[in-house]
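Presented below is the structure to which this report refers.
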Amino acid sequence: MKISTKGRYALRIMLDLAMNDRSQLVPLKAIAARQNITVKYMEQIMTPLSRAGFVTSERGANGGYRLSRSPENYRVGDILRVMEGSIVPVACLEDNAASCANADNCVTLSFWRGLQKVIDDYVDSKTLADLKDEYLASQSDFSI
């Protein structure tokens, strides 16, 4: 399993929005500048996030994006799944995977299921609020 650039950038964009006041719209250009992502690529990422109801937007001179709900209501796993589809380590664990002919005798299937559980438990245990808090704490660790 490898998280794509879109998945990684989506998480960074959502975290950037979480760092801002939810009452204010954040222009894509501002996020693009902070995250070093082109606006054109960000537009491709914002579409699925918007369809999933994770962000709202307004067009126009004062337009931009904001989170639809508070940061503690977004699990990292949900954001990654919107961008990546499933985040399984092997194809046989996909929801729509054809049943493997060797599933009944597979000596490694329990390992892959265990790994999947660890992945799901971890990505679903973290929220945008957690990532925001961790980032802010890391910034205050540098005292002079």
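Each chain of the structure tokens is named A, B, ... in the order shown, its residues numbered from 1; ligands are numbered from 1 in display order.
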Practice task
Extract, using only C-alpha atoms, all DNA, RNA and protein residues at most 9 Å from Val90 (chain A), discarding same-chain residues fewer than 4 positions from it, and format them as a PyMOL selection string.
Solution key: chain A and resi 1+94+112+116
Practice task
Compile the contact shell of Met42 (chain A) as a PyMOL selection string: residues with an atom at most 10 Å away, counting only C-alpha atoms, same-chain residues fewer than 2 positions apart removed.
Solution key: chain A and resi 6+9-10+13+28-29+31-32+37-40+44-47
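Secondary structure from DSSP on the backbone puts strand (DSSP E) at the following positions of chain A: Val55, Thr56, Ser57, Glu58, Gly64, Tyr65, Arg66 and Leu67 of chain A.
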Handout entry: 9 Å contact set for Arg113 (chain A), only C-alpha atoms, chain neighbours under 4 positions out, as an MDAnalysis selection string
Key = chainID A and resid 89 93 108:109 117:118
Please produce a file of the residues just selected, as a PDB file, in the first residue's frame, where the atoms kept are all heavy atoms.
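Saved the output as result_18.pdb:
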```pdb
ATOM      1  N   PRO A  89      -3.548  -3.391   2.239  1.00  0.00           N
ATOM      2  CA  PRO A  89      -2.190  -3.753   1.854  1.00  0.00           C
ATOM      3  C   PRO A  89      -2.118  -4.768   0.709  1.00  0.00           C
ATOM      4  O   PRO A  89      -1.106  -4.839   0.021  1.00  0.00           O
ATOM      5  CB  PRO A  89      -1.592  -4.323   3.135  1.00  0.00           C
ATOM      6  CG  PRO A  89      -2.762  -4.802   3.923  1.00  0.00           C
ATOM      7  CD  PRO A  89      -3.905  -3.900   3.557  1.00  0.00           C
ATOM      8  N   LEU A  93      -8.012  -8.228  -0.014  1.00  0.00           N
ATOM      9  CA  LEU A  93      -8.811  -7.650   1.071  1.00  0.00           C
ATOM     10  C   LEU A  93      -9.724  -6.522   0.600  1.00  0.00           C
ATOM     11  O   LEU A  93     -10.471  -5.966   1.403  1.00  0.00           O
ATOM     12  CB  LEU A  93      -7.894  -7.138   2.187  1.00  0.00           C
ATOM     13  CG  LEU A  93      -7.081  -8.205   2.923  1.00  0.00           C
ATOM     14  CD1 LEU A  93      -6.214  -7.554   3.992  1.00  0.00           C
ATOM     15  CD2 LEU A  93      -7.964  -9.279   3.526  1.00  0.00           C
ATOM     16  N   THR A 108      -1.040 -16.887   4.656  1.00  0.00           N
ATOM     17  CA  THR A 108      -0.702 -15.501   5.012  1.00  0.00           C
ATOM     18  C   THR A 108      -1.923 -14.606   5.178  1.00  0.00           C
ATOM     19  O   THR A 108      -1.784 -13.450   5.589  1.00  0.00           O
ATOM     20  CB  THR A 108       0.226 -14.879   3.948  1.00  0.00           C
ATOM     21  OG1 THR A 108      -0.430 -14.886   2.685  1.00  0.00           O
ATOM     22  CG2 THR A 108       1.545 -15.626   3.867  1.00  0.00           C
ATOM     23  N   LEU A 109      -3.113 -15.103   4.895  1.00  0.00           N
ATOM     24  CA  LEU A 109      -4.305 -14.262   4.940  1.00  0.00           C
ATOM     25  C   LEU A 109      -4.520 -13.638   6.319  1.00  0.00           C
ATOM     26  O   LEU A 109      -4.842 -12.454   6.420  1.00  0.00           O
ATOM     27  CB  LEU A 109      -5.547 -15.059   4.512  1.00  0.00           C
ATOM     28  CG  LEU A 109      -6.833 -14.257   4.367  1.00  0.00           C
ATOM     29  CD1 LEU A 109      -6.658 -13.124   3.357  1.00  0.00           C
ATOM     30  CD2 LEU A 109      -7.984 -15.175   3.966  1.00  0.00           C
ATOM     31  N   LYS A 117      -6.043  -4.391   9.995  1.00  0.00           N
ATOM     32  CA  LYS A 117      -6.644  -3.886  11.230  1.00  0.00           C
ATOM     33  C   LYS A 117      -5.755  -2.824  11.873  1.00  0.00           C
ATOM     34  O   LYS A 117      -6.251  -1.795  12.338  1.00  0.00           O
ATOM     35  CB  LYS A 117      -6.897  -5.031  12.202  1.00  0.00           C
ATOM     36  CG  LYS A 117      -7.542  -4.571  13.497  1.00  0.00           C
ATOM     37  CD  LYS A 117      -7.927  -5.716  14.378  1.00  0.00           C
ATOM     38  CE  LYS A 117      -8.529  -5.314  15.695  1.00  0.00           C
ATOM     39  NZ  LYS A 117      -8.709  -3.944  16.024  1.00  0.00           N
ATOM     40  N   VAL A 118      -4.455  -3.052  11.900  1.00  0.00           N
ATOM     41  CA  VAL A 118      -3.529  -2.070  12.476  1.00  0.00           C
ATOM     42  C   VAL A 118      -3.599  -0.760  11.697  1.00  0.00           C
ATOM     43  O   VAL A 118      -3.668   0.330  12.286  1.00  0.00           O
ATOM     44  CB  VAL A 118      -2.087  -2.634  12.508  1.00  0.00           C
ATOM     45  CG1 VAL A 118      -1.078  -1.556  12.866  1.00  0.00           C
ATOM     46  CG2 VAL A 118      -1.991  -3.801  13.469  1.00  0.00           C
TER      47      VAL A 118
END
```
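Minimum distance to Phe54 (chain A) across A:Thr127, A:Asn36, A:Ser86, A:Asn73 (counting only C-alpha atoms) occurs at A:Asn73.
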